[in-house]
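Student: File coords-v8.cif follows (mmCIF, C-alpha atoms and all ligand atoms):
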```
data_data
loop_
_atom_site.label_atom_id
_atom_site.label_comp_id
_atom_site.auth_asym_id
_atom_site.auth_seq_id
_atom_site.Cartn_x
_atom_site.Cartn_y
_atom_site.Cartn_z
CA MET A 1 20.08 108.17 91.31
CA ASP A 2 23.14 107.54 89.13
CA ARG A 3 23.41 110.61 86.94
CA GLN A 4 27.15 110.08 86.64
CA LYS A 5 27.03 108.86 83.12
CA LEU A 6 26.31 111.22 80.23
CA MET A 7 24.75 109.53 77.21
CA LEU A 8 24.24 111.16 73.82
CA PHE A 9 21.77 109.80 71.27
CA ALA A 10 21.47 111.04 67.69
CA GLY A 11 18.14 111.46 65.94
CA SER A 12 18.30 110.88 62.20
CA SER A 13 18.29 114.58 61.18
CA ASN A 14 21.94 115.53 61.77
CA PRO A 15 24.12 112.46 62.44
CA GLU A 16 27.38 114.20 61.43
CA LEU A 17 26.92 116.98 63.99
CA ALA A 18 26.00 114.42 66.67
CA LYS A 19 29.13 112.40 65.87
CA ASN A 20 31.36 115.48 66.14
CA ILE A 21 29.76 116.51 69.45
CA ALA A 22 30.37 112.99 70.80
CA LYS A 23 34.00 113.30 69.71
CA PHE A 24 34.32 116.64 71.52
CA LEU A 25 32.83 115.03 74.65
CA LYS A 26 35.22 112.08 74.28
CA THR A 27 32.35 109.65 74.27
CA GLU A 28 30.62 107.31 71.83
CA LEU A 29 27.10 107.92 70.54
CA SER A 30 24.64 105.65 72.33
CA SER A 31 22.72 103.15 70.29
CA ALA A 32 19.10 103.32 69.15
CA ASP A 33 17.37 101.90 66.09
CA ILE A 34 15.20 104.48 64.37
CA THR A 35 13.30 102.92 61.49
CA GLU A 36 9.91 103.06 59.83
CA PHE A 37 7.05 100.59 59.83
CA SER A 38 5.81 99.73 56.33
CA ASP A 39 3.00 102.27 56.65
CA GLY A 40 5.45 105.10 57.40
CA GLU A 41 5.02 105.23 61.19
CA THR A 42 8.25 105.87 63.09
CA ARG A 43 9.68 103.03 65.17
CA VAL A 44 12.29 103.64 67.88
CA LYS A 45 14.17 101.06 69.93
CA ILE A 46 16.75 102.17 72.49
CA ASN A 47 19.52 99.57 72.60
CA ASP A 48 21.57 100.81 75.57
CA ASP A 49 20.63 100.79 79.24
CA VAL A 50 19.63 104.37 80.19
CA ARG A 51 18.23 103.74 83.69
CA GLY A 52 19.10 106.73 85.90
CA LYS A 53 21.48 108.23 83.29
CA ASP A 54 21.86 111.85 82.15
CA VAL A 55 20.60 111.46 78.60
CA PHE A 56 20.91 113.97 75.74
CA ILE A 57 19.18 113.51 72.39
CA LEU A 58 20.30 115.64 69.44
CA GLN A 59 17.71 116.35 66.78
CA SER A 60 17.51 119.33 64.43
CA THR A 61 13.89 119.81 63.44
CA CYS A 62 14.66 120.92 59.90
CA ALA A 63 12.98 119.36 56.84
CA PRO A 64 11.34 116.88 56.95
CA THR A 65 10.24 118.89 59.98
CA ASN A 66 7.15 116.91 60.93
CA ASN A 67 8.95 113.57 60.74
CA ASN A 68 11.92 114.88 62.69
CA TYR A 69 9.65 116.20 65.44
CA MET A 70 7.66 112.97 65.59
CA GLU A 71 10.89 110.99 65.85
CA LEU A 72 12.04 113.25 68.70
CA PHE A 73 8.74 112.88 70.61
CA ILE A 74 8.83 109.10 70.24
CA THR A 75 12.49 108.84 71.25
CA ILE A 76 11.87 110.93 74.37
CA ASP A 77 8.90 108.70 75.23
CA ALA A 78 11.05 105.59 74.79
CA LEU A 79 13.79 107.05 77.01
CA LYS A 80 11.28 108.05 79.69
CA ARG A 81 9.74 104.58 79.73
CA ALA A 82 13.25 103.11 79.96
CA SER A 83 13.74 105.13 83.21
CA ALA A 84 16.33 107.65 82.00
CA GLY A 85 17.33 109.87 84.95
CA ARG A 86 17.07 113.13 83.02
CA ILE A 87 16.31 113.75 79.34
CA THR A 88 17.60 116.84 77.54
CA ALA A 89 16.50 117.52 73.97
CA VAL A 90 19.25 119.35 72.07
CA ILE A 91 17.48 121.02 69.15
CA PRO A 92 20.05 123.11 67.22
CA TYR A 93 17.41 124.22 64.71
CA PHE A 94 13.97 124.62 66.28
CA GLY A 95 11.40 124.13 63.50
CA TYR A 96 8.11 126.09 63.66
CA ALA A 97 9.84 128.89 65.60
CA ARG A 98 8.60 131.45 63.06
CA GLN A 99 4.99 130.62 64.04
CA ASP A 100 5.40 132.21 67.45
CA ARG A 101 2.38 134.52 67.64
CA LYS A 102 -1.12 135.09 66.34
CA ASP A 103 -0.33 137.72 63.73
CA GLN A 104 -3.57 137.19 61.80
CA PRO A 105 -7.02 135.97 62.83
CA ARG A 106 -7.58 132.19 62.97
CA VAL A 107 -3.94 131.06 62.83
CA PRO A 108 -2.24 128.72 65.33
CA ILE A 109 0.74 129.47 67.56
CA SER A 110 2.55 126.38 66.36
CA ALA A 111 5.76 127.02 68.32
CA LYS A 112 3.70 126.89 71.55
CA LEU A 113 2.05 123.65 70.44
CA ILE A 114 5.51 122.15 69.80
CA ALA A 115 6.59 123.20 73.31
CA ASN A 116 3.48 121.47 74.72
CA LEU A 117 4.17 118.32 72.72
CA LEU A 118 7.81 118.16 73.83
CA THR A 119 6.72 118.59 77.44
CA ALA A 120 4.00 115.93 77.07
CA SER A 121 6.62 113.55 75.62
CA GLY A 122 8.50 113.74 78.91
CA VAL A 123 11.52 115.94 78.18
CA ASP A 124 13.18 117.47 81.27
CA ARG A 125 15.10 120.28 79.62
CA VAL A 126 15.82 121.77 76.21
CA VAL A 127 18.88 123.27 74.57
CA THR A 128 18.49 125.32 71.42
CA LEU A 129 20.49 127.71 69.27
CA ASP A 130 19.49 131.18 68.05
CA LEU A 131 15.74 130.84 68.43
CA HIS A 132 13.81 132.94 65.95
CA ALA A 133 12.03 134.64 68.87
CA HIS A 134 13.44 134.75 72.41
CA GLN A 135 9.96 134.60 73.93
CA ILE A 136 9.61 130.97 72.80
CA GLN A 137 11.64 130.17 75.93
CA GLY A 138 8.57 131.13 77.92
CA PHE A 139 6.43 128.57 76.04
CA PHE A 140 8.19 125.93 78.18
CA ASP A 141 7.68 125.48 81.92
CA LEU A 142 10.99 123.67 82.20
CA PRO A 143 14.63 124.77 81.93
CA LEU A 144 15.71 125.86 78.46
CA ASP A 145 19.26 126.87 77.58
CA HIS A 146 19.26 129.28 74.65
CA ILE A 147 22.71 129.53 73.14
CA TYR A 148 24.08 131.76 70.38
CA ALA A 149 26.26 131.14 67.33
CA VAL A 150 27.79 134.61 67.74
CA ASN A 151 30.85 133.10 69.45
CA VAL A 152 31.76 130.92 66.49
CA PHE A 153 31.03 133.55 63.83
CA ILE A 154 32.93 136.33 65.60
CA ASP A 155 36.03 134.16 66.01
CA TYR A 156 35.91 133.72 62.28
CA PHE A 157 35.29 137.33 61.27
CA LYS A 158 37.45 139.23 63.69
CA ASP A 159 40.73 138.73 61.77
CA LYS A 160 39.20 138.51 58.34
CA ILE A 161 37.34 141.81 58.10
CA LYS A 162 38.70 145.29 58.63
CA ASN A 163 36.36 148.28 59.04
CA PRO A 164 33.17 146.21 59.53
CA VAL A 165 29.59 147.30 60.08
CA ILE A 166 26.98 144.82 61.30
CA VAL A 167 23.64 144.96 59.48
CA SER A 168 20.28 143.56 60.52
CA PRO A 169 18.11 142.77 57.48
CA ASP A 170 14.99 143.85 59.42
CA ALA A 171 13.94 145.68 62.57
CA GLY A 172 13.20 142.38 64.34
CA GLY A 173 16.87 141.36 64.13
CA ALA A 174 18.19 144.55 65.74
CA LYS A 175 18.94 142.91 69.10
CA MET A 176 20.90 140.11 67.49
CA ALA A 177 22.83 142.62 65.36
CA SER A 178 23.63 144.70 68.41
CA GLY A 179 25.18 141.62 70.09
CA TYR A 180 27.48 141.14 67.09
CA ALA A 181 28.35 144.86 66.86
CA LYS A 182 29.25 144.87 70.53
CA ARG A 183 31.53 141.87 70.10
CA LEU A 184 33.26 143.37 67.04
CA ASN A 185 33.30 146.80 68.61
CA CYS A 186 31.79 148.40 65.49
CA ASP A 187 28.67 150.25 64.33
CA MET A 188 25.44 148.67 63.19
CA ALA A 189 22.77 149.47 60.62
CA ILE A 190 19.21 148.24 60.07
CA VAL A 191 17.39 147.63 56.81
CA ASP A 192 13.74 148.62 56.78
CA LYS A 193 12.29 145.44 55.28
CA ARG A 194 8.69 144.87 54.21
CA ARG A 195 7.47 141.34 53.52
CA ILE A 196 5.35 141.08 50.36
CA ASP A 197 4.59 137.34 50.68
CA ASP A 198 6.28 134.11 51.92
CA ARG A 199 9.03 134.29 49.31
CA ASN A 200 9.46 137.98 48.58
CA THR A 201 10.48 141.03 50.54
CA GLU A 202 11.45 144.59 49.67
CA ALA A 203 14.13 146.67 51.35
CA LEU A 204 13.00 150.27 51.65
CA HIS A 205 15.71 152.18 53.53
CA VAL A 206 18.98 151.60 55.33
CA LEU A 207 19.19 153.18 58.77
CA GLY A 208 22.86 153.74 59.64
CA ASP A 209 26.12 154.37 57.84
CA VAL A 210 27.56 151.58 55.69
CA GLU A 211 29.57 153.65 53.22
CA ASP A 212 33.04 152.25 52.39
CA LYS A 213 32.61 149.55 55.02
CA ASP A 214 32.60 145.78 54.86
CA ALA A 215 29.05 144.95 55.87
CA ILE A 216 28.17 141.72 57.68
CA ILE A 217 24.46 140.95 57.58
CA VAL A 218 23.46 138.80 60.55
CA ASP A 219 20.23 136.85 60.94
CA ASP A 220 18.84 133.70 62.54
CA ILE A 221 17.45 132.04 59.40
CA ILE A 222 17.99 132.13 55.68
CA ALA A 223 15.04 130.42 54.03
CA THR A 224 14.27 131.60 50.47
CA GLY A 225 17.08 134.15 50.64
CA GLY A 226 14.73 137.06 49.85
CA SER A 227 15.51 139.06 52.99
CA LEU A 228 19.26 138.61 52.65
CA VAL A 229 19.56 139.39 48.97
CA LYS A 230 17.37 142.50 49.16
CA ALA A 231 19.32 143.73 52.19
CA ALA A 232 22.60 143.13 50.34
CA GLU A 233 21.34 145.16 47.35
CA ALA A 234 20.17 148.00 49.57
CA ILE A 235 23.44 148.34 51.46
CA LYS A 236 25.54 148.07 48.29
CA LYS A 237 23.45 150.95 46.92
CA GLN A 238 24.33 152.93 50.05
CA GLY A 239 28.04 152.49 49.29
CA ALA A 240 29.10 149.41 51.29
CA LYS A 241 32.42 148.08 49.97
CA ARG A 242 31.79 144.35 50.36
CA VAL A 243 28.85 142.41 51.77
CA PHE A 244 29.14 139.23 53.86
CA ALA A 245 26.50 137.39 55.84
CA ALA A 246 26.54 135.28 59.00
CA ILE A 247 23.24 133.42 59.38
CA THR A 248 22.85 130.65 61.91
CA HIS A 249 20.35 128.33 60.26
CA GLY A 250 20.71 127.52 56.56
CA VAL A 251 17.17 126.45 55.71
CA LEU A 252 17.92 127.32 52.05
CA SER A 253 14.49 126.55 50.63
CA GLY A 254 12.87 127.37 47.25
CA PRO A 255 14.91 129.79 45.14
CA ALA A 256 17.60 130.41 47.82
CA LEU A 257 20.59 129.02 45.93
CA GLU A 258 19.94 130.88 42.67
CA ARG A 259 19.31 134.07 44.61
CA ILE A 260 22.59 133.75 46.50
CA ALA A 261 24.50 132.89 43.34
CA ASP A 262 23.17 136.00 41.53
CA SER A 263 23.47 138.30 44.55
CA GLN A 264 25.90 141.02 45.60
CA LEU A 265 27.13 138.83 48.45
CA GLU A 266 30.81 137.92 48.67
CA GLU A 267 30.27 135.04 51.08
CA LEU A 268 27.49 133.61 53.21
CA TYR A 269 28.48 131.85 56.44
CA ILE A 270 26.00 129.42 57.97
CA THR A 271 26.39 126.81 60.72
CA ASP A 272 25.86 123.06 60.56
CA SER A 273 22.70 123.30 62.71
CA ILE A 274 21.03 122.00 59.53
CA PRO A 275 22.98 119.53 57.37
CA GLN A 276 23.42 120.60 53.75
CA PRO A 277 23.06 117.94 51.04
CA ASN A 278 25.38 118.14 47.99
CA ASP A 279 22.78 119.90 45.86
CA LYS A 280 22.57 122.74 48.40
CA GLN A 281 26.26 123.59 48.23
CA HIS A 282 27.68 126.66 46.49
CA SER A 283 31.12 128.29 46.44
CA LYS A 284 29.71 131.42 48.16
CA ILE A 285 28.35 129.34 51.08
CA LYS A 286 30.74 128.39 53.90
CA VAL A 287 29.72 126.20 56.82
CA ILE A 288 31.13 126.77 60.31
CA SER A 289 30.52 124.05 62.86
CA VAL A 290 28.75 124.56 66.17
CA ASP A 291 29.90 121.14 67.39
CA GLN A 292 32.23 122.51 70.07
CA LEU A 293 29.72 125.12 71.21
CA LEU A 294 26.99 122.49 71.63
CA GLY A 295 29.46 120.00 73.10
CA GLU A 296 30.65 122.51 75.69
CA THR A 297 27.03 123.40 76.53
CA ILE A 298 26.19 119.72 77.07
CA ARG A 299 29.31 119.26 79.19
CA ARG A 300 28.35 122.22 81.38
CA ILE A 301 24.74 121.09 81.81
CA HIS A 302 25.93 117.62 82.79
CA ASN A 303 28.38 119.05 85.34
CA ALA A 304 25.83 121.64 86.60
CA GLU A 305 28.08 124.52 85.50
CA SER A 306 26.95 127.89 84.14
CA VAL A 307 25.98 127.99 80.46
CA SER A 308 25.27 131.74 80.34
CA SER A 309 28.89 132.54 81.20
CA LEU A 310 29.80 131.28 77.72
CA PHE A 311 28.03 134.40 76.38
CA ARG A 312 28.83 137.02 78.97
CA ASP A 313 29.48 139.83 76.42
CA ASN A 314 26.31 139.09 74.53
CA ASN A 315 23.61 141.14 76.19
C1 LIG A 401 12.59 136.83 59.67
O1 LIG A 401 12.16 137.52 60.58
C2 LIG A 401 13.79 135.93 59.84
O2 LIG A 401 14.68 136.42 60.80
C3 LIG A 401 14.49 135.76 58.52
O3 LIG A 401 14.94 137.05 58.08
C4 LIG A 401 13.58 135.17 57.51
O4 LIG A 401 12.96 134.02 58.01
C5 LIG A 401 14.35 134.83 56.25
O5 LIG A 401 13.46 134.34 55.31
P1 LIG A 401 13.78 134.46 53.75
O6 LIG A 401 15.19 133.96 53.55
O7 LIG A 401 12.75 133.59 53.09
O8 LIG A 401 13.63 135.91 53.36
#
```
Is it possible to give me this structure as structure tokens?
Tutor:
Amino acid sequence: MDRQKLMLFAGSSNPELAKNIAKFLKTELSSADITEFSDGETRVKINDDVRGKDVFILQSTCAPTNNNYMELFITIDALKRASAGRITAVIPYFGYARQDRKDQPRVPISAKLIANLLTASGVDRVVTLDLHAHQIQGFFDLPLDHIYAVNVFIDYFKDKIKNPVIVSPDAGGAKMASGYAKRLNCDMAIVDKRRIDDRNTEALHVLGDVEDKDAIIVDDIIATGGSLVKAAEAIKKQGAKRVFAAITHGVLSGPALERIADSQLEELYITDSIPQPNDKQHSKIKVISVDQLLGETIRRIHNAESVSSLFRDNN
């Protein structure tokens, strides 16, 4: 089988990121028409010959999440039926990842259902970035490369911030925070967060010393901004000098922008895993690209080289 040729297709969710990854890989994006029938159904037509090729499809499953997923399923099906040699779904933001367990009676495990649907579509492997819960990897019975934005954020922060402390806004983020603290060779702290409802949280205590330090709050997702803003308030109260944040996926839903604008945060760094329209931009929000990280991951998968060695200091 001719797997010599790498082909990269872009779903409609994040064309800019796909274009930049193609540039990094010194290739052109492959051609597909993704349109809608008049009743709203998604229509996909692959224009290039993919027979036997090593095909990657980039799709962030951010809002409109359901449409973006459906488009991904249909594109994978089209590629499979066109005899692609291997199909890898590159999903920088994995929508539904927060529904990863049955935490109340009579609720679904939607992240598992998504894994089943991707598998049923015919995908051969998956690449994703900073999954909300690591155990989602086990929802797939096929290879999944889980990569981390820590590399790109740390490169940015290491010269910019003196005397840092890494802060997790909740106990669940402690492992992620410890990876950052290890890389920056500094201490970490954890905020004891309680969720009141979907949009609101309260920060009860700060475990760890943040006094006179530049705190960097790290997290996988910022949605309504409640967790971040409450954590920023709590650590300021404990004497932190300045508060920054490095959060991989800028979902920025509901009141997020107003909350960030009125918050104690100096700057919030997010990645371009989710594209930000003009009305979601703010002077406190800086976007760092993961194009090279994803491009290098794709290059290594194509050449059957190690991906984990990119993150050797991470665990
Ligand atoms: C929660 O466990 C996640 O890691 C994020 O902290 C959470 O999803 C952020 O949501 P929000 O911005 O709405 O507080």
Student: Go through A:Leu257, A:Ile301, A:Leu228, A:Val165 one by one, measure the shortest atom-to-atom distance of each to Ala215 in chain A using all atoms listed in the file, and give the residue with the smallest value.
Tutor: A:Val165
Student: Step by step, measure atom-to-atom distances between ligand LIG 401 (chain A) and each residue using only C-alpha atoms and all ligand atoms, keep those at most 6 Å, then write them as a PDB file with C-alpha atoms, in the coordinates of the input.
Tutor:
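Final file, out01.pdb:
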```pdb
ATOM      1  CA  ARG A 199       9.030 134.290  49.310  1.00  0.00           C
ATOM      2  CA  ASP A 219      20.230 136.850  60.940  1.00  0.00           C
ATOM      3  CA  ASP A 220      18.840 133.700  62.540  1.00  0.00           C
ATOM      4  CA  ILE A 221      17.450 132.040  59.400  1.00  0.00           C
ATOM      5  CA  ILE A 222      17.990 132.130  55.680  1.00  0.00           C
ATOM      6  CA  ALA A 223      15.040 130.420  54.030  1.00  0.00           C
ATOM      7  CA  THR A 224      14.270 131.600  50.470  1.00  0.00           C
ATOM      8  CA  GLY A 225      17.080 134.150  50.640  1.00  0.00           C
ATOM      9  CA  GLY A 226      14.730 137.060  49.850  1.00  0.00           C
ATOM     10  CA  SER A 227      15.510 139.060  52.990  1.00  0.00           C
TER      11      SER A 227
END
```
Student: Around (14.4, 99.7, 75.6) in the file's frame, which residues reach within 12 Å when counting only C-alpha atoms? Return as a PyMOL selection string?
Tutor: chain A and resi 31-33+43-51+75-84
Student: Considering all atoms listed in the file, state which residue in the set A:Ile147, A:Ala232, A:Val167, A:Leu29 is at the smallest distance from Asp209 in chain A.
Tutor: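 Residue with the minimum atom-to-atom distance to Asp209 in chain A: A:Val167.
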Student: Residues within 9 Å of range 18-25 of chain A, please, as a PDB file with C-alpha atoms, keeping the file's coordinate frame. Count all atoms listed in the file; anything in the same chain fewer than 3 positions from it doesn't count.
Tutor:
```pdb
ATOM      1  CA  LEU A   8      24.240 111.160  73.820  1.00  0.00           C
ATOM      2  CA  PHE A   9      21.770 109.800  71.270  1.00  0.00           C
ATOM      3  CA  ALA A  10      21.470 111.040  67.690  1.00  0.00           C
ATOM      4  CA  GLY A  11      18.140 111.460  65.940  1.00  0.00           C
ATOM      5  CA  ASN A  14      21.940 115.530  61.770  1.00  0.00           C
ATOM      6  CA  PRO A  15      24.120 112.460  62.440  1.00  0.00           C
ATOM      7  CA  GLU A  28      30.620 107.310  71.830  1.00  0.00           C
ATOM      8  CA  LEU A  29      27.100 107.920  70.540  1.00  0.00           C
ATOM      9  CA  ILE A  57      19.180 113.510  72.390  1.00  0.00           C
ATOM     10  CA  LEU A  58      20.300 115.640  69.440  1.00  0.00           C
ATOM     11  CA  GLN A  59      17.710 116.350  66.780  1.00  0.00           C
ATOM     12  CA  VAL A 290      28.750 124.560  66.170  1.00  0.00           C
ATOM     13  CA  ASP A 291      29.900 121.140  67.390  1.00  0.00           C
ATOM     14  CA  GLN A 292      32.230 122.510  70.070  1.00  0.00           C
ATOM     15  CA  LEU A 293      29.720 125.120  71.210  1.00  0.00           C
ATOM     16  CA  LEU A 294      26.990 122.490  71.630  1.00  0.00           C
ATOM     17  CA  GLY A 295      29.460 120.000  73.100  1.00  0.00           C
ATOM     18  CA  GLU A 296      30.650 122.510  75.690  1.00  0.00           C
ATOM     19  CA  ILE A 298      26.190 119.720  77.070  1.00  0.00           C
ATOM     20  CA  ARG A 299      29.310 119.260  79.190  1.00  0.00           C
TER      21      ARG A 299
END
```
Student: Identify which of the residues A:Asn163, A:Arg195, A:Asp130, A:Ser308 lies closest to Lys175 in chain A, counting only C-alpha atoms when measuring atom-to-atom distances.
Tutor: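 Of A:Asn163, A:Arg195, A:Asp130, A:Ser308, the one nearest Lys175 in chain A is A:Asp130, counting only C-alpha atoms.
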Student: From the set A:Ile154, A:Val90, A:Val218, A:Ala203, which residue has the shortest atom-to-atom contact distance to Gly173 in chain A, counting only C-alpha atoms?
Tutor: A:Val218
Student: Between A:Thr128, A:Ser178, A:Ser168, A:Gln264, which residue has the minimum interatomic distance to Pro92 in chain A, considering all atoms listed in the file?
Tutor: A:Thr128
Student: CA of Arg312 in chain A and CA of Ala97 in chain A, how far apart in Å?
Tutor: 24.6 Å
Student: Hey, can you check how far CA of Leu142 in chain A sits from CA of Ser60 in chain A?
Tutor: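 Computing the Euclidean distance for CA of Leu142 in chain A and CA of Ser60 in chain A yields 19.4 Å.
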Student: Would you list the contacts of Leu113 in chain A as a list in words, taking every protein, DNA or RNA residue within 12 Å and counting all atoms listed in the file, but skipping same-chain residues closer than 6 positions in sequence?
Tutor: Tyr69, Gly95, Tyr96, Ala97, Gln99, Asp100, Arg101, Thr119, Ala120, Ile136, Phe139 and Phe140 of chain A
Student: Counting all atoms listed in the file, find the residues whose atoms lie at most 12 Å from (17.5, 115.6, 84.8) (file coordinates) and write them out as a ChimeraX atom specification.
Tutor: /A:1-6,51-56,80,83-89,122-126,142-143,301-304
Student: Hey, can you spit out that residue selection with C-alpha atoms as a PDB file, in the frame of the given file?
Tutor:
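File produced: selection-v4.pdb:
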```pdb
ATOM      1  CA  MET A   1      20.080 108.170  91.310  1.00  0.00           C
ATOM      2  CA  ASP A   2      23.140 107.540  89.130  1.00  0.00           C
ATOM      3  CA  ARG A   3      23.410 110.610  86.940  1.00  0.00           C
ATOM      4  CA  GLN A   4      27.150 110.080  86.640  1.00  0.00           C
ATOM      5  CA  LYS A   5      27.030 108.860  83.120  1.00  0.00           C
ATOM      6  CA  LEU A   6      26.310 111.220  80.230  1.00  0.00           C
ATOM      7  CA  ARG A  51      18.230 103.740  83.690  1.00  0.00           C
ATOM      8  CA  GLY A  52      19.100 106.730  85.900  1.00  0.00           C
ATOM      9  CA  LYS A  53      21.480 108.230  83.290  1.00  0.00           C
ATOM     10  CA  ASP A  54      21.860 111.850  82.150  1.00  0.00           C
ATOM     11  CA  VAL A  55      20.600 111.460  78.600  1.00  0.00           C
ATOM     12  CA  PHE A  56      20.910 113.970  75.740  1.00  0.00           C
ATOM     13  CA  LYS A  80      11.280 108.050  79.690  1.00  0.00           C
ATOM     14  CA  SER A  83      13.740 105.130  83.210  1.00  0.00           C
ATOM     15  CA  ALA A  84      16.330 107.650  82.000  1.00  0.00           C
ATOM     16  CA  GLY A  85      17.330 109.870  84.950  1.00  0.00           C
ATOM     17  CA  ARG A  86      17.070 113.130  83.020  1.00  0.00           C
ATOM     18  CA  ILE A  87      16.310 113.750  79.340  1.00  0.00           C
ATOM     19  CA  THR A  88      17.600 116.840  77.540  1.00  0.00           C
ATOM     20  CA  ALA A  89      16.500 117.520  73.970  1.00  0.00           C
ATOM     21  CA  GLY A 122       8.500 113.740  78.910  1.00  0.00           C
ATOM     22  CA  VAL A 123      11.520 115.940  78.180  1.00  0.00           C
ATOM     23  CA  ASP A 124      13.180 117.470  81.270  1.00  0.00           C
ATOM     24  CA  ARG A 125      15.100 120.280  79.620  1.00  0.00           C
ATOM     25  CA  VAL A 126      15.820 121.770  76.210  1.00  0.00           C
ATOM     26  CA  LEU A 142      10.990 123.670  82.200  1.00  0.00           C
ATOM     27  CA  PRO A 143      14.630 124.770  81.930  1.00  0.00           C
ATOM     28  CA  ILE A 301      24.740 121.090  81.810  1.00  0.00           C
ATOM     29  CA  HIS A 302      25.930 117.620  82.790  1.00  0.00           C
ATOM     30  CA  ASN A 303      28.380 119.050  85.340  1.00  0.00           C
ATOM     31  CA  ALA A 304      25.830 121.640  86.600  1.00  0.00           C
TER      32      ALA A 304
END
```
Student: Can you tell me how far CA of Ile34 in chain A sits from CA of Phe73 in chain A, in Å to one decimal?
Tutor: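 One can read the CA of Ile34 in chain A to CA of Phe73 in chain A distance as 12.3 Å.
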Student: Which residues, written as a PyMOL selection string, have at least one atom at most 7 Å from Lys193 in chain A, with only C-alpha atoms counted and residues fewer than 2 positions away on the same chain left out?
Tutor: chain A and resi 169-170+191+195+201-204
Student: Using all atoms listed in the file, pick whichever of A:Ser13, A:Lys26, A:Ser283, A:Gly208 has the shortest atom-to-atom distance to Asn67 in chain A.
Tutor: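 Smallest separation from Asn67 in chain A among the options: A:Ser13.
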